[in-house]
>>> print(open('upload_39.cif').read())   # mmCIF, C-alpha atoms and all ligand atoms
data_upload
#
loop_
_atom_site.label_atom_id
_atom_site.label_comp_id
_atom_site.auth_asym_id
_atom_site.auth_seq_id
_atom_site.Cartn_x
_atom_site.Cartn_y
_atom_site.Cartn_z
CA MET Q 94 0.00 0.00 0.00
CA GLU Q 95 1.12 3.52 -0.85
CA ARG Q 96 3.00 5.39 1.93
CA LYS Q 97 3.04 9.10 2.65
CA ARG Q 98 5.03 11.40 4.87
CA PHE Q 99 3.10 12.14 8.04
CA GLY Q 100 2.99 15.86 8.88
CA ASN Q 101 6.44 17.23 9.59
CA THR Q 102 7.73 13.92 11.00
CA ASP Q 103 10.11 11.74 9.03
CA LEU Q 104 7.61 8.88 9.23
CA LYS Q 105 6.27 7.29 6.06
CA VAL Q 106 2.90 5.83 6.92
CA SER Q 107 0.35 3.76 5.01
CA LYS Q 108 -2.78 5.66 3.96
CA ILE Q 109 -4.68 3.64 6.56
CA ALA Q 110 -3.65 2.79 10.10
CA MET Q 111 -5.03 -0.02 12.23
CA GLY Q 112 -6.78 0.95 15.46
CA GLY Q 113 -6.16 -1.29 18.46
CA ILE Q 114 -9.50 -1.35 20.30
CA PRO Q 115 -11.47 -4.28 18.80
CA ILE Q 116 -8.58 -6.75 19.10
CA MET Q 117 -9.25 -6.62 22.84
CA ARG Q 118 -12.23 -8.89 22.12
CA LEU Q 119 -10.15 -11.54 20.35
CA SER Q 120 -8.11 -14.39 21.77
CA LYS Q 121 -4.39 -13.70 21.67
CA GLU Q 122 -3.95 -16.18 18.83
CA ASP Q 123 -6.70 -14.61 16.68
CA ALA Q 124 -5.51 -11.08 17.41
CA VAL Q 125 -1.94 -11.93 16.41
CA LYS Q 126 -3.20 -13.46 13.16
CA VAL Q 127 -5.32 -10.43 12.26
CA ILE Q 128 -2.49 -7.97 13.03
CA ARG Q 129 0.00 -9.99 10.97
CA ASP Q 130 -2.48 -10.25 8.06
CA VAL Q 131 -2.99 -6.50 8.16
CA ILE Q 132 0.75 -5.80 8.14
CA ASN Q 133 1.21 -8.26 5.28
CA MET Q 134 -1.43 -6.28 3.35
CA GLY Q 135 0.85 -3.23 3.52
CA ILE Q 136 -0.43 -1.43 6.61
CA ASN Q 137 2.61 -0.26 8.58
CA PHE Q 138 0.90 2.06 11.07
CA ILE Q 139 -0.69 0.63 14.24
CA ASP Q 140 -2.34 2.75 16.90
CA THR Q 141 -3.20 1.57 20.40
CA ALA Q 142 -3.26 2.85 23.98
CA ASN Q 143 -1.98 1.96 27.38
CA GLY Q 144 -5.62 1.84 28.52
CA TYR Q 145 -6.87 -0.64 25.87
CA GLY Q 146 -6.68 -3.79 28.00
CA ASP Q 147 -4.24 -6.27 26.47
CA SER Q 148 -4.11 -4.57 23.06
CA GLU Q 149 -0.46 -3.50 23.39
CA GLU Q 150 0.61 -7.00 24.42
CA LYS Q 151 -1.15 -8.60 21.47
CA ILE Q 152 0.44 -6.11 19.09
CA GLY Q 153 3.84 -6.76 20.72
CA GLU Q 154 3.46 -10.48 20.12
CA ALA Q 155 2.30 -10.01 16.51
CA ILE Q 156 5.11 -7.68 15.44
CA LYS Q 157 7.90 -9.95 16.69
CA ILE Q 158 8.28 -11.45 13.22
CA PHE Q 159 8.56 -8.09 11.43
CA LYS Q 160 11.43 -5.63 11.18
CA ARG Q 161 10.73 -2.95 13.76
CA ASN Q 162 11.92 -0.10 11.54
CA ASN Q 163 9.35 -1.01 8.89
CA LEU Q 164 6.54 -0.29 11.34
CA VAL Q 165 5.14 2.88 12.87
CA LEU Q 166 3.81 2.29 16.37
CA SER Q 167 1.60 4.76 18.15
CA SER Q 168 0.27 4.53 21.70
CA LYS Q 169 -1.23 6.81 24.33
CA SER Q 170 -1.57 7.39 28.04
CA ALA Q 171 -4.30 9.15 29.96
CA ALA Q 172 -1.81 10.08 32.72
CA ARG Q 173 -1.82 13.78 33.42
CA ASP Q 174 1.45 14.15 35.33
CA LYS Q 175 5.07 13.56 34.43
CA LYS Q 176 5.79 10.69 36.80
CA ALA Q 177 2.72 8.68 35.82
CA ILE Q 178 3.18 9.09 32.08
CA LEU Q 179 6.82 8.02 32.31
CA SER Q 180 5.80 4.80 34.01
CA HIS Q 181 3.08 4.28 31.38
CA ILE Q 182 5.61 4.78 28.58
CA ASP Q 183 7.87 2.14 30.15
CA LEU Q 184 4.91 -0.20 30.41
CA SER Q 185 3.92 0.42 26.78
CA LEU Q 186 7.50 -0.31 25.67
CA LYS Q 187 7.53 -3.55 27.62
CA ARG Q 188 4.15 -4.71 26.36
CA LEU Q 189 4.93 -3.79 22.75
CA GLY Q 190 8.32 -5.49 23.03
CA THR Q 191 10.17 -2.55 21.56
CA ASP Q 192 12.74 -0.02 22.71
CA TYR Q 193 11.02 2.96 21.10
CA ILE Q 194 7.50 4.09 20.19
CA ASP Q 195 7.18 6.39 17.19
CA ILE Q 196 4.19 8.43 18.30
CA TYR Q 197 3.04 8.84 21.90
CA GLN Q 198 -0.21 10.64 22.61
CA LEU Q 199 -1.56 12.43 25.63
CA HIS Q 200 -4.82 10.50 25.60
CA CYS Q 201 -8.16 12.29 25.40
CA VAL Q 202 -7.21 15.82 26.42
CA SER Q 203 -10.77 17.04 26.11
CA ASN Q 204 -11.35 19.81 28.64
CA LYS Q 205 -9.68 22.87 30.11
CA GLU Q 206 -8.56 21.10 33.29
CA ASP Q 207 -6.87 18.33 31.29
CA PHE Q 208 -5.16 20.92 29.14
CA GLU Q 209 -3.84 22.80 32.14
CA LYS Q 210 -2.69 19.65 33.92
CA VAL Q 211 -0.79 18.14 31.00
CA MET Q 212 0.89 21.39 29.94
CA SER Q 213 1.81 22.68 33.41
CA PRO Q 214 5.22 22.16 35.11
CA LYS Q 215 5.57 18.47 36.10
CA GLY Q 216 2.65 17.74 33.79
CA ALA Q 217 2.48 14.86 31.31
CA TYR Q 218 4.00 16.95 28.50
CA GLU Q 219 7.24 17.16 30.48
CA GLY Q 220 7.15 13.36 30.66
CA LEU Q 221 6.98 13.24 26.85
CA GLU Q 222 9.97 15.62 26.70
CA ASP Q 223 12.01 13.31 28.92
CA ALA Q 224 10.99 10.26 26.90
CA VAL Q 225 11.92 11.99 23.61
CA SER Q 226 15.29 13.05 24.98
CA ASN Q 227 16.17 9.52 26.05
CA GLY Q 228 14.89 7.95 22.83
CA LYS Q 229 11.89 6.08 24.26
CA ILE Q 230 9.44 7.93 22.03
CA ARG Q 231 9.97 9.90 18.83
CA TYR Q 232 7.07 12.31 18.33
CA TYR Q 233 4.79 14.35 20.59
CA ALA Q 234 1.09 13.78 20.09
CA PHE Q 235 -2.32 14.14 21.69
CA SER Q 236 -5.83 12.91 21.11
CA SER Q 237 -8.95 14.91 21.87
CA HIS Q 238 -12.71 14.73 21.35
CA ASN Q 239 -13.19 18.43 21.98
CA PRO Q 240 -12.52 20.59 18.89
CA LYS Q 241 -11.90 23.75 20.95
CA ILE Q 242 -9.33 22.07 23.19
CA ALA Q 243 -7.75 20.36 20.18
CA GLU Q 244 -7.33 23.77 18.56
CA LYS Q 245 -5.70 25.10 21.73
CA MET Q 246 -3.35 22.10 21.92
CA MET Q 247 -2.35 22.46 18.26
CA GLY Q 248 -1.89 26.20 18.81
CA THR Q 249 0.91 25.51 21.32
CA GLU Q 250 2.92 24.26 18.30
CA ARG Q 251 4.44 21.59 20.55
CA PHE Q 252 2.86 18.55 18.90
CA GLN Q 253 3.67 16.77 15.66
CA VAL Q 254 0.64 14.48 15.57
CA THR Q 255 -2.97 14.76 16.63
CA GLN Q 256 -5.88 12.34 16.71
CA ILE Q 257 -9.43 13.67 16.50
CA PRO Q 258 -12.79 12.06 15.61
CA LEU Q 259 -13.63 12.52 11.94
CA ASN Q 260 -16.33 10.78 9.95
CA PHE Q 261 -19.28 11.87 7.85
CA ILE Q 262 -21.27 12.64 11.00
CA ASP Q 263 -18.46 14.09 13.14
CA THR Q 264 -17.62 16.69 10.51
CA GLU Q 265 -16.66 19.60 12.79
CA PRO Q 266 -12.88 19.29 12.13
CA GLU Q 267 -13.49 20.12 8.45
CA GLU Q 268 -13.88 23.78 9.26
CA LYS Q 269 -10.90 24.62 11.46
CA LEU Q 270 -8.88 21.65 12.63
CA ILE Q 271 -7.97 20.04 9.33
CA PRO Q 272 -6.88 23.38 7.82
CA LEU Q 273 -4.94 24.18 11.02
CA ALA Q 274 -3.20 20.80 11.01
CA HIS Q 275 -2.34 21.41 7.36
CA LYS Q 276 -1.00 24.89 8.08
CA LEU Q 277 1.13 23.69 11.02
CA ASN Q 278 2.08 20.48 9.19
CA ILE Q 279 0.76 18.30 12.02
CA GLY Q 280 0.00 14.66 11.22
CA PHE Q 281 -3.76 14.05 11.56
CA ILE Q 282 -5.12 10.64 12.58
CA ALA Q 283 -8.86 10.44 11.92
CA MET Q 284 -10.28 8.78 15.01
CA LYS Q 285 -13.53 6.80 14.74
CA PRO Q 286 -13.69 6.74 10.94
CA MET Q 287 -16.75 4.49 11.31
CA GLY Q 288 -18.20 6.42 14.21
CA GLY Q 289 -16.88 4.01 16.82
CA GLY Q 290 -18.63 1.04 15.19
CA MET Q 291 -21.93 2.86 14.70
CA LEU Q 292 -21.61 3.50 10.94
CA GLU Q 293 -22.01 0.28 9.02
CA ASP Q 294 -21.32 1.41 5.45
CA ALA Q 295 -17.52 1.26 5.08
CA ASP Q 296 -17.76 2.39 1.47
CA LEU Q 297 -19.42 5.69 2.36
CA ALA Q 298 -17.26 6.16 5.45
CA PHE Q 299 -13.87 5.78 3.74
CA ARG Q 300 -14.83 7.61 0.56
CA TYR Q 301 -15.83 10.55 2.73
CA LEU Q 302 -12.40 10.49 4.41
CA ALA Q 303 -10.53 10.01 1.13
CA GLN Q 304 -11.25 13.64 0.22
CA PHE Q 305 -8.81 14.80 2.92
CA GLU Q 306 -5.40 14.13 1.44
CA GLU Q 307 -3.32 14.55 4.57
CA ILE Q 308 -5.29 12.58 7.14
CA VAL Q 309 -4.82 8.92 8.08
CA PRO Q 310 -7.91 7.07 9.36
CA ASP Q 311 -7.30 4.34 11.95
CA PRO Q 312 -10.24 1.95 11.78
CA GLY Q 313 -10.41 -0.55 14.60
CA ILE Q 314 -10.96 -3.95 13.03
CA GLU Q 315 -11.23 -7.48 14.32
CA LYS Q 316 -11.36 -9.42 11.05
CA THR Q 317 -8.84 -9.53 8.21
CA GLU Q 318 -11.67 -9.14 5.67
CA GLU Q 319 -12.69 -5.81 7.19
CA MET Q 320 -9.29 -4.33 6.42
CA GLU Q 321 -9.31 -5.91 2.94
CA GLU Q 322 -12.58 -4.15 2.22
CA ILE Q 323 -11.27 -0.81 3.51
CA ILE Q 324 -8.05 -1.06 1.48
CA ASN Q 325 -10.06 -1.70 -1.68
CA ILE Q 326 -12.20 1.35 -1.04
CA VAL Q 327 -9.17 3.55 -0.37
CA LYS Q 328 -7.38 2.30 -3.47
CA ASN Q 329 -10.33 3.14 -5.69
CA PRO Q 330 -11.66 6.50 -4.52
CA ARG Q 331 -14.55 8.03 -6.43
CA PRO Q 332 -16.85 10.95 -5.71
CA PHE Q 333 -20.29 10.43 -4.22
CA THR Q 334 -23.24 10.10 -6.56
CA GLU Q 335 -26.36 12.14 -5.87
CA LYS Q 336 -28.02 8.99 -4.51
CA GLU Q 337 -25.13 8.40 -2.09
CA LYS Q 338 -25.23 12.01 -0.91
CA GLN Q 339 -28.90 11.51 -0.12
CA LYS Q 340 -28.07 8.31 1.75
CA ILE Q 341 -25.51 10.16 3.91
CA LYS Q 342 -28.11 12.83 4.63
CA ARG Q 343 -30.56 10.14 5.64
CA ILE Q 344 -28.08 8.43 7.98
CA LYS Q 345 -27.17 11.78 9.54
CA LYS Q 346 -30.83 12.51 10.10
CA GLU Q 347 -31.49 9.10 11.64
CA PHE Q 348 -28.65 9.53 14.11
CA GLY Q 349 -29.14 13.28 14.49
CA ASN Q 350 -31.08 13.21 17.73
CA SER Q 351 -29.01 10.58 19.46
CA TRP Q 352 -25.45 10.90 18.12
CA CYS Q 353 -23.11 12.08 20.82
CA HIS Q 354 -20.07 13.75 19.25
CA ARG Q 355 -18.15 13.25 22.52
CA CYS Q 356 -17.12 16.90 22.53
CA GLY Q 357 -17.73 17.17 26.29
CA TYR Q 358 -19.27 20.66 26.02
CA CYS Q 359 -22.16 19.47 28.23
CA GLN Q 360 -19.83 18.74 31.15
CA PRO Q 361 -19.58 19.10 34.06
CA CYS Q 362 -22.93 17.80 35.26
CA PRO Q 363 -23.74 19.14 38.76
CA GLU Q 364 -24.63 15.57 39.79
CA GLY Q 365 -21.29 14.26 38.55
CA ILE Q 366 -22.74 12.14 35.74
CA PRO Q 367 -20.14 11.28 33.08
CA ILE Q 368 -22.59 12.05 30.27
CA THR Q 369 -20.37 11.22 27.31
CA THR Q 370 -19.36 7.84 28.73
CA VAL Q 371 -23.00 6.90 29.20
CA LEU Q 372 -24.07 8.08 25.74
CA ILE Q 373 -21.50 5.89 23.98
CA THR Q 374 -22.68 2.67 25.63
CA GLN Q 375 -23.76 1.07 22.34
CA SER Q 376 -20.42 1.80 20.70
CA MET Q 377 -18.51 0.34 23.66
CA ILE Q 378 -20.63 -2.80 23.68
CA LYS Q 379 -19.91 -3.28 19.98
CA ARG Q 380 -16.15 -2.84 20.16
CA VAL Q 381 -14.82 -3.83 23.57
CA ASP Q 382 -14.55 -7.19 25.34
CA TYR Q 383 -17.02 -7.94 28.16
CA ASP Q 384 -14.69 -7.43 31.15
CA SER Q 385 -13.35 -4.15 29.81
CA VAL Q 386 -16.77 -2.83 28.89
CA ILE Q 387 -17.93 -3.56 32.44
CA GLY Q 388 -14.88 -1.69 33.72
CA PHE Q 389 -15.54 1.30 31.45
CA GLN Q 390 -19.33 1.55 31.69
CA GLU Q 391 -20.81 0.03 34.84
CA LYS Q 392 -20.12 2.88 37.26
CA ALA Q 393 -21.09 5.51 34.70
CA ILE Q 394 -24.43 3.79 34.08
CA GLU Q 395 -25.11 3.55 37.81
CA LYS Q 396 -24.38 7.25 38.15
CA ALA Q 397 -26.67 8.04 35.20
CA GLY Q 398 -29.58 6.82 37.32
CA GLU Q 399 -29.02 9.89 39.54
CA CYS Q 400 -29.97 12.39 36.81
CA VAL Q 401 -32.36 14.96 38.30
CA GLU Q 402 -33.34 16.27 34.86
CA CYS Q 403 -32.23 19.83 35.57
CA ARG Q 404 -31.34 20.08 31.84
CA GLU Q 405 -28.25 22.24 32.43
CA CYS Q 406 -26.39 19.92 30.08
CA VAL Q 407 -29.01 20.30 27.34
CA GLU Q 408 -28.43 24.07 27.34
CA LYS Q 409 -24.73 23.48 26.68
CA CYS Q 410 -24.99 20.76 24.03
CA PRO Q 411 -24.43 22.36 20.58
CA TYR Q 412 -26.30 19.46 18.95
CA ASP Q 413 -29.49 19.94 20.99
CA LEU Q 414 -29.47 16.37 22.27
CA ASP Q 415 -32.13 15.49 24.80
CA ILE Q 416 -29.50 14.21 27.23
CA PRO Q 417 -31.76 13.11 30.12
CA ALA Q 418 -33.83 11.01 27.68
CA LEU Q 419 -30.68 9.57 26.11
CA LEU Q 420 -29.31 8.64 29.53
CA LYS Q 421 -32.47 6.64 30.16
CA GLU Q 422 -32.19 4.94 26.76
CA ASN Q 423 -28.59 3.99 27.46
CA ILE Q 424 -29.46 2.60 30.88
CA GLU Q 425 -31.99 0.32 29.12
CA ILE Q 426 -29.43 -0.68 26.44
CA TRP Q 427 -27.04 -1.57 29.24
CA LYS Q 428 -29.58 -3.62 31.18
CA LYS Q 429 -30.46 -5.57 28.01
CA PHE Q 430 -26.79 -6.17 27.20
CA LYS Q 431 -26.05 -7.49 30.69
CA LYS Q 432 -29.10 -9.72 30.71
CA GLU Q 433 -28.19 -11.18 27.31
CA HIS Q 434 -24.66 -11.82 28.51
CA GLU Q 435 -25.84 -13.53 31.67
CA ASN Q 436 -28.00 -15.85 29.57
CA LEU Q 437 -25.10 -16.91 27.33
S1 LIG Q 501 -30.09 16.87 33.26
FE1 LIG Q 501 -29.16 15.18 34.35
S2 LIG Q 501 -27.25 14.83 33.25
FE2 LIG Q 501 -27.96 16.86 32.63
S3 LIG Q 501 -26.89 18.26 34.01
FE3 LIG Q 501 -28.88 17.79 34.95
S4 LIG Q 501 -28.48 16.04 36.30
FE4 LIG Q 501 -26.73 16.21 34.91
S1 LIG Q 502 -24.12 15.27 24.79
FE1 LIG Q 502 -23.79 16.96 23.37
S2 LIG Q 502 -22.35 18.32 24.39
FE2 LIG Q 502 -22.30 16.38 25.49
S3 LIG Q 502 -20.58 15.28 24.58
FE3 LIG Q 502 -22.41 14.62 23.49
S4 LIG Q 502 -22.59 15.99 21.74
FE4 LIG Q 502 -21.12 16.93 23.13
#
>>> encode(input="upload_39.cif", output="structure tokens")
Amino acid sequence: MERKRFGNTDLKVSKIAMGGIPIMRLSKEDAVKVIRDVINMGINFIDTANGYGDSEEKIGEAIKIFKRNNLVLSSKSAARDKKAILSHIDLSLKRLGTDYIDIYQLHCVSNKEDFEKVMSPKGAYEGLEDAVSNGKIRYYAFSSHNPKIAEKMMGTERFQVTQIPLNFIDTEPEEKLIPLAHKLNIGFIAMKPMGGGMLEDADLAFRYLAQFEEIVPDPGIEKTEEMEEIINIVKNPRPFTEKEKQKIKRIKKEFGNSWCHRCGYCQPCPEGIPITTVLITQSMIKRVDYDSVIGFQEKAIEKAGECVECRECVEKCPYDLDIPALLKENIEIWKKFKKEHENL
């Protein structure tokens, strides 16, 4: 598969990366097979995170048979201070079985407090500086779901790579963030190219993304055939027909009242409800293994039951979502999921 230079780094990456979330659901043997198949198809860019269960370990096992310098590895840590991120970087290195990681991201810097913590003295950014200076990581990066915070992070001009949600429903980056990344020559990983598992039409999803020359989508996949399909779409880009444009409009409309863009503008909730976490329950169920999904969601769902319907969050949501109603819907989705699992 064709390679391209990524932002102002010296990395040459495939036009598609592989995201490391869904392999959490696979046995080690199956995960290793899928990762090796994907690399053999020409994908050299793999993105994971310290917080994705055993994803790093599975990737580490899979890449043993490949030359390290032919691969671009990217991971992330949600640590906010220097000491914690340094220990996470060491752990990532150990799990991935490598002595350097190409891209290391401050994971999900999505509000003002996160921004201040990571960029302050003794914050996580200083940890990245240490790790760069001793060769453990090569490039500074961050991921964010909040376009305003992402803009602020990019504006520091201290990052070479960013990762932000982009798909034909999460289109906000089109306006400012993609042009800004282009202007600053920052590598742009398109997070959730298929809406975190919610968009089912890969053809529409990847043809939408193909219009942005400089971005690299990182679909999370769990079957070799899924990546084969995506590669074929990317290799044969073609503009949308009128009928397809209408189909996108229809999908957008269907999801319009329930699609959480994970921007976090509705937070904080005075009752302490982690709204975004609750509203992505369906996506988590689809992509993450049972034990991890319990770890990620259970407490949030319990907390959601404490919503007093003050509607402060609704006032702040730019997409006019009826958040209290959606919390209830997600509680029901969760109950159904748990019941089905117990009956397995
Ligand atoms: S409506 Fe519920 S979720 Fe929204 S701010 Fe009020 S208590 Fe929090
Ligand atoms: S509910 Fe609205 S404001 Fe809150 S994260 Fe989702 S889209 Fe953003």
>>> residues_around(input="upload_39.cif", residues="Q:Lys431", least_positions_apart="6", cutoff="12 Å", atoms="only C-alpha atoms", output="list in words")
Thr374, Ile378, Tyr383, Asp384, Val386, Ile387, Gln390, Glu391, Ile394, Ile424, Glu425 and Leu437 of chain Q
>>> residues_near_ligand(input="upload_39.cif", ligand="ligand LIG 501 (chain Q)", cutoff="9 Å", atoms="all atoms listed in the file", output="list of chain:residue names")
Q:Cys359, Q:Gln360, Q:Pro361, Q:Cys362, Q:Pro363, Q:Glu364, Q:Gly365, Q:Ile366, Q:Pro367, Q:Ile368, Q:Ala397, Q:Gly398, Q:Glu399, Q:Cys400, Q:Val401, Q:Glu402, Q:Cys403, Q:Arg404, Q:Glu405, Q:Cys406, Q:Val407, Q:Glu408, Q:Asp415, Q:Ile416, Q:Pro417, Q:Ala418, Q:Leu420
>>> closest_residue(input="upload_39.cif", among="Q:Met320, Q:Ile326, Q:Ile242, Q:Ala234", to="Q:Ile136", atoms="all atoms listed in the file")
Q:Met320
>>> residues_near_point(input="upload_39.cif", point="(1.6, 5.0, 32.6)", cutoff="12 Å", atoms="all atoms listed in the file", output="ChimeraX atom specification")
/Q:142-144,168-188,197-200,217,220-221
>>> residues_near_ligand(input="upload_39.cif", ligand="ligand LIG 502 (chain Q)", cutoff="9 Å", atoms="only C-alpha atoms and all ligand atoms", output="PDB file with C-alpha atoms, keeping the file's coordinate frame")
ATOM      1  CA  HIS Q 238     -12.710  14.730  21.350  1.00  0.00           C
ATOM      2  CA  ASN Q 239     -13.190  18.430  21.980  1.00  0.00           C
ATOM      3  CA  SER Q 351     -29.010  10.580  19.460  1.00  0.00           C
ATOM      4  CA  TRP Q 352     -25.450  10.900  18.120  1.00  0.00           C
ATOM      5  CA  CYS Q 353     -23.110  12.080  20.820  1.00  0.00           C
ATOM      6  CA  HIS Q 354     -20.070  13.750  19.250  1.00  0.00           C
ATOM      7  CA  ARG Q 355     -18.150  13.250  22.520  1.00  0.00           C
ATOM      8  CA  CYS Q 356     -17.120  16.900  22.530  1.00  0.00           C
ATOM      9  CA  GLY Q 357     -17.730  17.170  26.290  1.00  0.00           C
ATOM     10  CA  TYR Q 358     -19.270  20.660  26.020  1.00  0.00           C
ATOM     11  CA  CYS Q 359     -22.160  19.470  28.230  1.00  0.00           C
ATOM     12  CA  GLN Q 360     -19.830  18.740  31.150  1.00  0.00           C
ATOM     13  CA  ILE Q 368     -22.590  12.050  30.270  1.00  0.00           C
ATOM     14  CA  THR Q 369     -20.370  11.220  27.310  1.00  0.00           C
ATOM     15  CA  THR Q 370     -19.360   7.840  28.730  1.00  0.00           C
ATOM     16  CA  LEU Q 372     -24.070   8.080  25.740  1.00  0.00           C
ATOM     17  CA  ILE Q 373     -21.500   5.890  23.980  1.00  0.00           C
ATOM     18  CA  CYS Q 406     -26.390  19.920  30.080  1.00  0.00           C
ATOM     19  CA  VAL Q 407     -29.010  20.300  27.340  1.00  0.00           C
ATOM     20  CA  GLU Q 408     -28.430  24.070  27.340  1.00  0.00           C
ATOM     21  CA  LYS Q 409     -24.730  23.480  26.680  1.00  0.00           C
ATOM     22  CA  CYS Q 410     -24.990  20.760  24.030  1.00  0.00           C
ATOM     23  CA  PRO Q 411     -24.430  22.360  20.580  1.00  0.00           C
ATOM     24  CA  TYR Q 412     -26.300  19.460  18.950  1.00  0.00           C
ATOM     25  CA  ASP Q 413     -29.490  19.940  20.990  1.00  0.00           C
ATOM     26  CA  LEU Q 414     -29.470  16.370  22.270  1.00  0.00           C
ATOM     27  CA  ASP Q 415     -32.130  15.490  24.800  1.00  0.00           C
ATOM     28  CA  ILE Q 416     -29.500  14.210  27.230  1.00  0.00           C
ATOM     29  CA  LEU Q 419     -30.680   9.570  26.110  1.00  0.00           C
TER      30      LEU Q 419
END
>>> closest_atom_pairs(input="upload_39.cif", of="stretch 197-263 of chain Q", to="stretch 335-342 of chain Q", cutoff="12 Å", atoms="all atoms listed in the file", output="tab-separated table")
residue	atom	partner	partner_atom	distance
Q:Asn260	CA	Q:Ile341	CA	11.0
Q:Phe261	CA	Q:Ile341	CA	7.6
Q:Ile262	CA	Q:Ile341	CA	8.6
>>> closest_atom_pairs(input="upload_39.cif", of="stretch 278-346 of chain Q", to="stretch 107-125 of chain Q", cutoff="12 Å", atoms="all atoms listed in the file", output="Markdown table")
| residue | atom | partner | partner_atom | distance |
| --- | --- | --- | --- | --- |
| Q:Gly280 | CA | Q:Lys108 | CA | 11.9 |
| Q:Phe281 | CA | Q:Ala110 | CA | 11.4 |
| Q:Ile282 | CA | Q:Ala110 | CA | 8.4 |
| Q:Ala283 | CA | Q:Ala110 | CA | 9.4 |
| Q:Met284 | CA | Q:Gly112 | CA | 8.6 |
| Q:Lys285 | CA | Q:Gly112 | CA | 9.0 |
| Q:Pro286 | CA | Q:Gly112 | CA | 10.1 |
| Q:Met287 | CA | Q:Gly112 | CA | 11.4 |
| Q:Gly289 | CA | Q:Ile114 | CA | 9.8 |
| Q:Gly290 | CA | Q:Pro115 | CA | 9.6 |
| Q:Phe299 | CA | Q:Ile109 | CA | 9.8 |
| Q:Leu302 | CA | Q:Ile109 | CA | 10.5 |
| Q:Ala303 | CA | Q:Lys108 | CA | 9.3 |
| Q:Phe305 | CA | Q:Lys108 | CA | 11.0 |
| Q:Glu306 | CA | Q:Lys108 | CA | 9.2 |
| Q:Glu307 | CA | Q:Lys108 | CA | 8.9 |
| Q:Ile308 | CA | Q:Lys108 | CA | 8.0 |
| Q:Val309 | CA | Q:Ile109 | CA | 5.5 |
| Q:Pro310 | CA | Q:Ile109 | CA | 5.5 |
| Q:Asp311 | CA | Q:Ala110 | CA | 4.4 |
| Q:Pro312 | CA | Q:Gly112 | CA | 5.1 |
| Q:Gly313 | CA | Q:Gly112 | CA | 4.0 |
| Q:Ile314 | CA | Q:Pro115 | CA | 5.8 |
| Q:Glu315 | CA | Q:Pro115 | CA | 5.5 |
| Q:Lys316 | CA | Q:Ala124 | CA | 8.8 |
| Q:Thr317 | CA | Q:Ala124 | CA | 9.9 |
| Q:Glu319 | CA | Q:Met111 | CA | 10.8 |
| Q:Met320 | CA | Q:Met111 | CA | 8.4 |
| Q:Glu321 | CA | Q:Ile109 | CA | 11.2 |
| Q:Glu322 | CA | Q:Ile109 | CA | 11.9 |
| Q:Ile323 | CA | Q:Ile109 | CA | 8.5 |
| Q:Ile324 | CA | Q:Ile109 | CA | 7.7 |
| Q:Asn325 | CA | Q:Ile109 | CA | 11.2 |
| Q:Ile326 | CA | Q:Ile109 | CA | 10.9 |
| Q:Val327 | CA | Q:Lys108 | CA | 8.0 |
| Q:Lys328 | CA | Q:Lys108 | CA | 9.4 |
>>> atom_distance(input="upload_39.cif", atom1="atom CA of Q:Phe430", atom2="atom CA of Q:Ile344")
24.2 Å
>>> residues_near_point(input="upload_39.cif", point="(-8.4, 9.1, 23.3)", cutoff="7 Å", atoms="all atoms listed in the file", output="list in words")
His200, Cys201, Ser236 and Ser237 of chain Q
>>> atom_distance(input="upload_39.cif", atom1="atom CA of Q:Glu150", atom2="atom CA of Q:Trp427")
28.6 Å
>>> closest_residue(input="upload_39.cif", among="Q:Ile196, Q:Ile230, Q:Met134, Q:Leu292", to="Q:Lys379", atoms="all atoms listed in the file")
Q:Leu292
>>> residues_around(input="upload_39.cif", residues="Q:Gly248", least_positions_apart="6", cutoff="10 Å", atoms="only C-alpha atoms", output="list of chain:residue names")
Q:Ile242, Q:Leu273, Q:Ala274, Q:Leu277
>>> atom_distance(input="upload_39.cif", atom1="atom CA of Q:Gly228", atom2="atom CA of Q:Glu250")
20.7 Å
>>> closest_residue(input="upload_39.cif", among="Q:Glu209, Q:Glu422, Q:Asp195, Q:Glu395", to="Q:Gln375", atoms="all atoms listed in the file")
Q:Glu422
>>> closest_residue(input="upload_39.cif", among="Q:Asn101, Q:Glu154, Q:Asn137, Q:Gly288", to="Q:Phe252", atoms="only C-alpha atoms")
Q:Asn101
